[in-house]
Amino acid sequence: MLNAVRDQFWGAGYAATSLEDLMRVSGLGKGSLYAAFGDKRQLFLRALRSYTEESHGHLRRALDEAPRALDALRALLKAPTDDVSDTGTRRGCLLANSAYELGNADPEVLDHAHRTYETSTALIGDCVARAQREGDLPTGVDPIGLARALLAAQQGLVFMSRTGLDTATLDLTARSLAARLLPDHSGD
């Protein structure tokens, strides 16, 4: 049920989601919805936290389970080009969408976005350090600096996808970013 609520906020945004929408997707009446979750904002924050926890779980697994860290980092950049359907990347990132919509008006959303991106940066930075240990990236590269660049590039691709950019162009852009940010140093 929380996933259905999250998808409603993700698809329509916070402001455009009505109480009636939330009752419809949750299957709960107004009284039950408020009793279980409090007000609309509290339900939204719970759905947003659920989304970011799930996203960090996926990110952790993707980065940790790849045989080579460099392959995981390249896959991170390519991920926004993998599913550009209306239900995939075209909706963007719920956290980024929410920070854009509510960040100036809701310090709690902005703080959550900041903490989430810091956690993502740390996870990616650990993967960069692993790629350095594996000899695929130069040891002089700052892992956190490169992690921030990779996250910014990946989120940029997500945004470009939301504008309707075609898959071939997105894929070419992702490969170009990977070539520049993650050059192959294994033969050095």
# chains A, B, ... in the order shown; residues from 1 in each chain; ligands from 1

$ closest_atom_pairs --of "segment 20-75 of chain A" --to "segment 101-122 of chain A" --cutoff "9 Å" --atoms "only C-alpha atoms" --output "CSV"
residue,atom,partner,partner_atom,distance
A:Leu45,CA,A:Val109,CA,7.6
A:Leu48,CA,A:Val109,CA,8.8
A:Arg49,CA,A:His112,CA,8.1
A:Thr52,CA,A:Thr116,CA,7.0
A:Glu53,CA,A:Thr116,CA,8.9
A:His56,CA,A:Ser120,CA,6.9
A:Leu59,CA,A:Ser120,CA,7.8
A:Arg60,CA,A:Ser120,CA,8.8

$ write_last_selection --atoms "N, CA and C atoms" --output "PDB file, in the first residue's frame"
ATOM      1  N   LEU A  45       6.247  12.061   3.549  1.00  0.00           N
ATOM      2  CA  LEU A  45       7.592  11.878   4.097  1.00  0.00           C
ATOM      3  C   LEU A  45       7.895  10.400   4.337  1.00  0.00           C
ATOM      4  N   LEU A  48       8.576   8.915   0.946  1.00  0.00           N
ATOM      5  CA  LEU A  48       9.875   9.374   0.461  1.00  0.00           C
ATOM      6  C   LEU A  48      11.008   8.620   1.164  1.00  0.00           C
ATOM      7  N   ARG A  49      10.904   8.449   2.467  1.00  0.00           N
ATOM      8  CA  ARG A  49      11.933   7.689   3.207  1.00  0.00           C
ATOM      9  C   ARG A  49      11.985   6.247   2.730  1.00  0.00           C
ATOM     10  N   THR A  52      13.864   6.189  -0.581  1.00  0.00           N
ATOM     11  CA  THR A  52      15.316   6.367  -0.491  1.00  0.00           C
ATOM     12  C   THR A  52      15.982   5.154   0.150  1.00  0.00           C
ATOM     13  N   GLU A  53      15.335   4.533   1.130  1.00  0.00           N
ATOM     14  CA  GLU A  53      15.899   3.310   1.720  1.00  0.00           C
ATOM     15  C   GLU A  53      15.994   2.206   0.667  1.00  0.00           C
ATOM     16  N   HIS A  56      18.779   3.077  -1.836  1.00  0.00           N
ATOM     17  CA  HIS A  56      20.119   2.810  -1.298  1.00  0.00           C
ATOM     18  C   HIS A  56      20.407   1.316  -1.257  1.00  0.00           C
ATOM     19  N   LEU A  59      21.309   0.427  -4.818  1.00  0.00           N
ATOM     20  CA  LEU A  59      22.619   0.981  -5.145  1.00  0.00           C
ATOM     21  C   LEU A  59      23.726   0.169  -4.482  1.00  0.00           C
ATOM     22  N   ARG A  60      23.560  -0.134  -3.215  1.00  0.00           N
ATOM     23  CA  ARG A  60      24.553  -0.915  -2.470  1.00  0.00           C
ATOM     24  C   ARG A  60      24.800  -2.260  -3.160  1.00  0.00           C
TER      25      ARG A  60
END

$ residues_around --residues "Leu43 of chain A" --least-positions-apart "3" --cutoff "10 Å" --atoms "only C-alpha atoms" --output "ChimeraX atom specification"
/A:2,5-6,9,22,33-34,36-40,46-49

$ write_last_selection --atoms "all heavy atoms" --output "tab-separated table (two decimals), in the first residue's frame"
chain	number	residue	atom	x	y	z
A	2	LEU	N	1.96	1.25	0.78
A	2	LEU	CA	2.85	2.41	0.80
A	2	LEU	C	3.48	2.62	-0.58
A	2	LEU	O	3.68	3.75	-1.01
A	2	LEU	CB	3.92	2.25	1.87
A	2	LEU	CG	4.77	3.48	2.16
A	2	LEU	CD1	3.91	4.67	2.56
A	2	LEU	CD2	5.80	3.17	3.25
A	5	VAL	N	1.02	4.50	-2.70
A	5	VAL	CA	1.01	5.91	-2.30
A	5	VAL	C	2.26	6.60	-2.85
A	5	VAL	O	2.19	7.71	-3.40
A	5	VAL	CB	0.93	6.03	-0.76
A	5	VAL	CG1	1.24	7.44	-0.28
A	5	VAL	CG2	-0.44	5.58	-0.27
A	6	ARG	N	3.41	5.95	-2.70
A	6	ARG	CA	4.66	6.51	-3.23
A	6	ARG	C	4.54	6.75	-4.73
A	6	ARG	O	4.91	7.81	-5.24
A	6	ARG	CB	5.82	5.55	-2.94
A	6	ARG	CG	7.13	6.03	-3.51
A	6	ARG	CD	8.19	4.96	-3.47
A	6	ARG	NE	7.83	3.89	-4.37
A	6	ARG	CZ	8.34	2.68	-4.34
A	6	ARG	NH1	9.23	2.35	-3.45
A	6	ARG	NH2	7.96	1.76	-5.21
A	9	PHE	N	2.48	9.90	-5.47
A	9	PHE	CA	3.28	11.12	-5.29
A	9	PHE	C	4.34	11.24	-6.39
A	9	PHE	O	4.59	12.33	-6.89
A	9	PHE	CB	3.97	11.12	-3.92
A	9	PHE	CG	3.07	11.45	-2.77
A	9	PHE	CD1	2.94	10.57	-1.70
A	9	PHE	CD2	2.37	12.65	-2.73
A	9	PHE	CE1	2.13	10.89	-0.62
A	9	PHE	CE2	1.55	12.97	-1.65
A	9	PHE	CZ	1.43	12.08	-0.59
A	22	LEU	N	-5.07	9.72	-2.66
A	22	LEU	CA	-4.43	8.87	-1.65
A	22	LEU	C	-5.39	7.81	-1.13
A	22	LEU	O	-4.99	6.66	-0.90
A	22	LEU	CB	-3.88	9.73	-0.51
A	22	LEU	CG	-2.75	10.68	-0.90
A	22	LEU	CD1	-2.40	11.62	0.24
A	22	LEU	CD2	-1.53	9.90	-1.36
A	33	LEU	N	-6.85	6.53	6.92
A	33	LEU	CA	-5.61	7.06	6.37
A	33	LEU	C	-4.94	7.99	7.37
A	33	LEU	O	-3.73	7.87	7.64
A	33	LEU	CB	-5.91	7.80	5.06
A	33	LEU	CG	-4.74	8.19	4.19
A	33	LEU	CD1	-4.03	6.96	3.64
A	33	LEU	CD2	-5.22	9.05	3.02
A	34	TYR	N	-5.72	8.89	7.95
A	34	TYR	CA	-5.16	9.82	8.93
A	34	TYR	C	-4.75	9.10	10.22
A	34	TYR	O	-3.73	9.45	10.82
A	34	TYR	CB	-6.14	10.95	9.23
A	34	TYR	CG	-6.17	12.02	8.16
A	34	TYR	CD1	-7.37	12.52	7.69
A	34	TYR	CD2	-4.99	12.51	7.61
A	34	TYR	CE1	-7.40	13.50	6.70
A	34	TYR	CE2	-5.00	13.49	6.63
A	34	TYR	CZ	-6.22	13.98	6.18
A	34	TYR	OH	-6.23	14.94	5.21
A	36	ALA	N	-3.66	6.05	10.45
A	36	ALA	CA	-2.47	5.24	10.19
A	36	ALA	C	-1.23	6.09	9.93
A	36	ALA	O	-0.13	5.72	10.31
A	36	ALA	CB	-2.72	4.31	9.00
A	37	PHE	N	-1.41	7.22	9.25
A	37	PHE	CA	-0.24	7.96	8.78
A	37	PHE	C	-0.20	9.42	9.20
A	37	PHE	O	0.78	10.10	8.92
A	37	PHE	CB	-0.18	7.90	7.24
A	37	PHE	CG	-0.06	6.51	6.71
A	37	PHE	CD1	-1.15	5.89	6.14
A	37	PHE	CD2	1.14	5.82	6.81
A	37	PHE	CE1	-1.04	4.60	5.64
A	37	PHE	CE2	1.26	4.54	6.32
A	37	PHE	CZ	0.16	3.92	5.74
A	38	GLY	N	-1.23	9.93	9.83
A	38	GLY	CA	-1.25	11.36	10.13
A	38	GLY	C	-1.75	12.12	8.91
A	38	GLY	O	-2.62	11.64	8.20
A	39	ASP	N	-1.19	13.25	8.64
A	39	ASP	CA	-1.65	14.07	7.52
A	39	ASP	C	-0.93	13.70	6.22
A	39	ASP	O	-0.06	12.83	6.19
A	39	ASP	CB	-1.50	15.55	7.85
A	39	ASP	CG	-0.06	15.97	8.10
A	39	ASP	OD1	0.87	15.17	7.85
A	39	ASP	OD2	0.15	17.11	8.54
A	40	LYS	N	-1.30	14.39	5.16
A	40	LYS	CA	-0.73	14.14	3.83
A	40	LYS	C	0.78	14.29	3.84
A	40	LYS	O	1.50	13.48	3.25
A	40	LYS	CB	-1.37	15.12	2.81
A	40	LYS	CG	-0.77	15.05	1.43
A	40	LYS	CD	-1.42	16.11	0.52
A	40	LYS	CE	-0.67	16.30	-0.76
A	40	LYS	NZ	-1.27	17.33	-1.63
A	46	ARG	N	6.90	9.66	4.79
A	46	ARG	CA	7.11	8.22	4.99
A	46	ARG	C	7.35	7.52	3.65
A	46	ARG	O	8.24	6.67	3.54
A	46	ARG	CB	5.90	7.62	5.70
A	46	ARG	CG	6.10	6.18	6.06
A	46	ARG	CD	5.13	5.73	7.09
A	46	ARG	NE	5.25	4.29	7.27
A	46	ARG	CZ	4.40	3.59	7.97
A	46	ARG	NH1	3.39	4.17	8.56
A	46	ARG	NH2	4.56	2.30	8.09
A	47	ALA	N	6.59	7.88	2.62
A	47	ALA	CA	6.79	7.29	1.29
A	47	ALA	C	8.15	7.68	0.73
A	47	ALA	O	8.84	6.85	0.11
A	47	ALA	CB	5.67	7.74	0.35
A	48	LEU	N	8.58	8.91	0.95
A	48	LEU	CA	9.88	9.37	0.46
A	48	LEU	C	11.01	8.62	1.16
A	48	LEU	O	11.97	8.19	0.53
A	48	LEU	CB	10.01	10.88	0.67
A	48	LEU	CG	11.26	11.54	0.11
A	48	LEU	CD1	11.33	11.39	-1.41
A	48	LEU	CD2	11.29	13.02	0.50
A	49	ARG	N	10.90	8.45	2.47
A	49	ARG	CA	11.93	7.69	3.21
A	49	ARG	C	11.99	6.25	2.73
A	49	ARG	O	13.06	5.67	2.57
A	49	ARG	CB	11.67	7.76	4.71
A	49	ARG	CG	12.07	9.10	5.32
A	49	ARG	CD	12.03	9.07	6.84
A	49	ARG	NE	10.69	8.84	7.37
A	49	ARG	CZ	9.82	9.80	7.67
A	49	ARG	NH1	10.15	11.06	7.49
A	49	ARG	NH2	8.65	9.50	8.15

$ closest_residue --among "A:Glu54, A:Ala35, A:Trp10, A:Pro80" --to "Leu165 of chain A" --atoms "only C-alpha atoms"
A:Pro80

$ closest_residue --among "A:Arg91, A:His58, A:Arg41, A:Arg68" --to "Leu137 of chain A" --atoms "only C-alpha atoms"
A:Arg68

$ closest_atom_pairs --of "segment 7-93 of chain A" --to "segment 143-147 of chain A" --cutoff "12 Å" --atoms "only C-alpha atoms" --output "Markdown table"
| residue | atom | partner | partner_atom | distance |
| --- | --- | --- | --- | --- |
| A:Leu73 | CA | A:Ala147 | CA | 9.1 |
| A:Arg74 | CA | A:Ala147 | CA | 11.8 |
| A:Leu76 | CA | A:Ala147 | CA | 10.7 |
| A:Leu77 | CA | A:Ala147 | CA | 11.1 |

$ write_last_selection --atoms "all heavy atoms" --output "PDB file, in the first residue's frame"
ATOM      1  N   LEU A  73      30.505   1.146 -11.660  1.00  0.00           N
ATOM      2  CA  LEU A  73      30.436   2.600 -11.834  1.00  0.00           C
ATOM      3  C   LEU A  73      29.935   2.957 -13.235  1.00  0.00           C
ATOM      4  O   LEU A  73      29.127   3.881 -13.391  1.00  0.00           O
ATOM      5  CB  LEU A  73      31.799   3.234 -11.563  1.00  0.00           C
ATOM      6  CG  LEU A  73      32.293   3.090 -10.116  1.00  0.00           C
ATOM      7  CD1 LEU A  73      33.748   3.511 -10.007  1.00  0.00           C
ATOM      8  CD2 LEU A  73      31.413   3.881  -9.155  1.00  0.00           C
ATOM      9  N   ARG A  74      30.386   2.230 -14.217  1.00  0.00           N
ATOM     10  CA  ARG A  74      29.888   2.471 -15.584  1.00  0.00           C
ATOM     11  C   ARG A  74      28.407   2.132 -15.690  1.00  0.00           C
ATOM     12  O   ARG A  74      27.646   2.832 -16.363  1.00  0.00           O
ATOM     13  CB  ARG A  74      30.722   1.671 -16.583  1.00  0.00           C
ATOM     14  CG  ARG A  74      32.101   2.264 -16.774  1.00  0.00           C
ATOM     15  CD  ARG A  74      32.897   1.533 -17.815  1.00  0.00           C
ATOM     16  NE  ARG A  74      34.174   2.212 -18.025  1.00  0.00           N
ATOM     17  CZ  ARG A  74      35.310   1.602 -18.291  1.00  0.00           C
ATOM     18  NH1 ARG A  74      35.345   0.288 -18.403  1.00  0.00           N
ATOM     19  NH2 ARG A  74      36.414   2.295 -18.458  1.00  0.00           N
ATOM     20  N   LEU A  76      26.269   2.376 -13.323  1.00  0.00           N
ATOM     21  CA  LEU A  76      25.567   3.469 -12.636  1.00  0.00           C
ATOM     22  C   LEU A  76      25.252   4.592 -13.618  1.00  0.00           C
ATOM     23  O   LEU A  76      24.140   5.126 -13.633  1.00  0.00           O
ATOM     24  CB  LEU A  76      26.421   3.995 -11.483  1.00  0.00           C
ATOM     25  CG  LEU A  76      25.909   5.238 -10.768  1.00  0.00           C
ATOM     26  CD1 LEU A  76      24.760   4.869  -9.849  1.00  0.00           C
ATOM     27  CD2 LEU A  76      27.023   5.893  -9.970  1.00  0.00           C
ATOM     28  N   LEU A  77      26.224   4.942 -14.438  1.00  0.00           N
ATOM     29  CA  LEU A  77      25.993   6.002 -15.420  1.00  0.00           C
ATOM     30  C   LEU A  77      25.011   5.561 -16.498  1.00  0.00           C
ATOM     31  O   LEU A  77      24.214   6.357 -16.986  1.00  0.00           O
ATOM     32  CB  LEU A  77      27.311   6.406 -16.086  1.00  0.00           C
ATOM     33  CG  LEU A  77      28.189   7.350 -15.289  1.00  0.00           C
ATOM     34  CD1 LEU A  77      29.485   7.624 -16.036  1.00  0.00           C
ATOM     35  CD2 LEU A  77      27.480   8.651 -14.985  1.00  0.00           C
TER      36      LEU A  77
END

$ residues_around --residues "Gln155 of chain A" --least-positions-apart "5" --cutoff "12 Å" --atoms "only C-alpha atoms" --output "ChimeraX atom specification"
/A:76-81,89-90,92-97,117,120,148-150,160-162,174

$ atom_distance --atom1 "atom CA of Thr169 of chain A" --atom2 "atom CA of Gly156 of chain A"
13.3 Å

$ closest_residue --among "A:Leu19, A:Ala99, A:Ile124, A:Leu177" --to "Asp64 of chain A" --atoms "only C-alpha atoms"
A:Ile124
